[in-house]
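Colleague: Input: one structure, supplied below.
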Amino acid sequence: LWETLEADPEGAAAGLPNRTLPSDHHPVAATFRPSPAPRLDAAAEEALMALLAALEGAQDAARSELQAELEAKAPAPEAEQATDGKKKKGGKEKPSPEMIAHIQETRKRTREQKEVHLQARQSFVEVLGELELDALERSMNLSTWLESGTRSLP
């Protein structure tokens with residue numbers, strides 16, 4: 001039976017090696033029991049998912065609102081104008097200057113909105129603790145969501 005060094009008064013006073021233990025190699029034994037990984041409790045995880053859903057809902061609503069606004073401002077499509085009854089090669093004609101301006105404005109505003117949404121998602125994640133991040137990572141691929149706002153399975 002192994003005993004601790006403290007159980008041997010001579011060994012405790014003089015150290016090792018000594019008469020009872022002539023070697024300075026003392027056997028060591030340990031038993032390890034893995035503890036479960038800490039996890040966010042169910043109520044906190046529900047609250048986190050509700051905040052996530054609120055952020056996604058607000059971003060979806062903003063996207064829809066911008067799309068509706070841009071569609072309302074779109075110029076009316078021009079009627080086909082025949083030039084000597086011949087069509088251009090390739091079948092496509094250049095859009096009107098108004099349509100080009102609208103397309104450019106649509107792209108610009110969409111790009112700006114995506115940047116604002118990306119910053120909002122990053123801010124959301126930056127304030128989360130380790131357990132909250134773990135909960136999000138169990139439910140979705142966090143890097144994909146940050147970049148695109150789209151949930152995908154981990």
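Each chain in the structure tokens gets a letter, A, B, ..., in the order shown, and its residues are numbered from 1; ligands are numbered from 1 in order too.
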For Ala53 of chain A, list every protein, DNA or RNA residue within 12 Å, evaluated using only C-alpha atoms, and leave out those in the same chain fewer than 4 positions away; present the list as a PyMOL selection string.
Modeller: chain A and resi 46-49+57-61+121+124+136+149-151
Colleague: Report as a JSON list (two decimals) with C-alpha atoms, in the first residue's frame all protein, DNA and RNA residues lying within 12 Å of Ala37 of chain A, evaluated on only C-alpha atoms, omitting residues in the same chain fewer than 3 positions from it.
Modeller:
[["chain", "number", "residue", "atom", "x", "y", "z"],
["A", 34, "PRO", "CA", -13.73, 14.03, -16.58],
["A", 40, "LEU", "CA", -25.61, 27.42, -21.20],
["A", 130, "GLU", "CA", -17.92, 31.60, -24.31],
["A", 131, "LEU", "CA", -21.00, 29.58, -23.37],
["A", 134, "ASP", "CA", -20.77, 27.54, -27.92]]
Colleague: Write down as JSON, numbers by chain the residues belonging to segment 2-154 of chain A that are assigned helix (DSSP H, G or I) by DSSP computed on the backbone.
Modeller: {"A": [5, 6, 7, 9, 10, 11, 12, 13, 14, 42, 43, 44, 45, 46, 47, 48, 49, 50, 51, 52, 53, 54, 55, 56, 57, 58, 59, 60, 61, 62, 63, 64, 65, 66, 67, 68, 69, 70, 71, 72, 97, 98, 99, 100, 101, 102, 103, 104, 105, 106, 107, 108, 109, 110, 111, 112, 113, 114, 115, 116, 117, 118, 119, 120, 121, 122, 123, 124, 125, 126, 130, 131, 132, 133, 134, 135, 136, 137, 138, 139, 142, 143, 144, 145, 146, 147, 148]}
Colleague: Just want the 12 Å neighbourhood of Arg39 of chain A, counted on only C-alpha atoms, with same-chain residues fewer than 2 positions away dropped. Output as an NGL selection string.
Modeller: :A and (35-37 or 41-45 or 129-136 or 138)
Colleague: Atom CA of Ser152 of chain A to atom CA of Glu56 of chain A: how many Å, to one decimal?
Modeller: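 It comes out at 13.7 Å.
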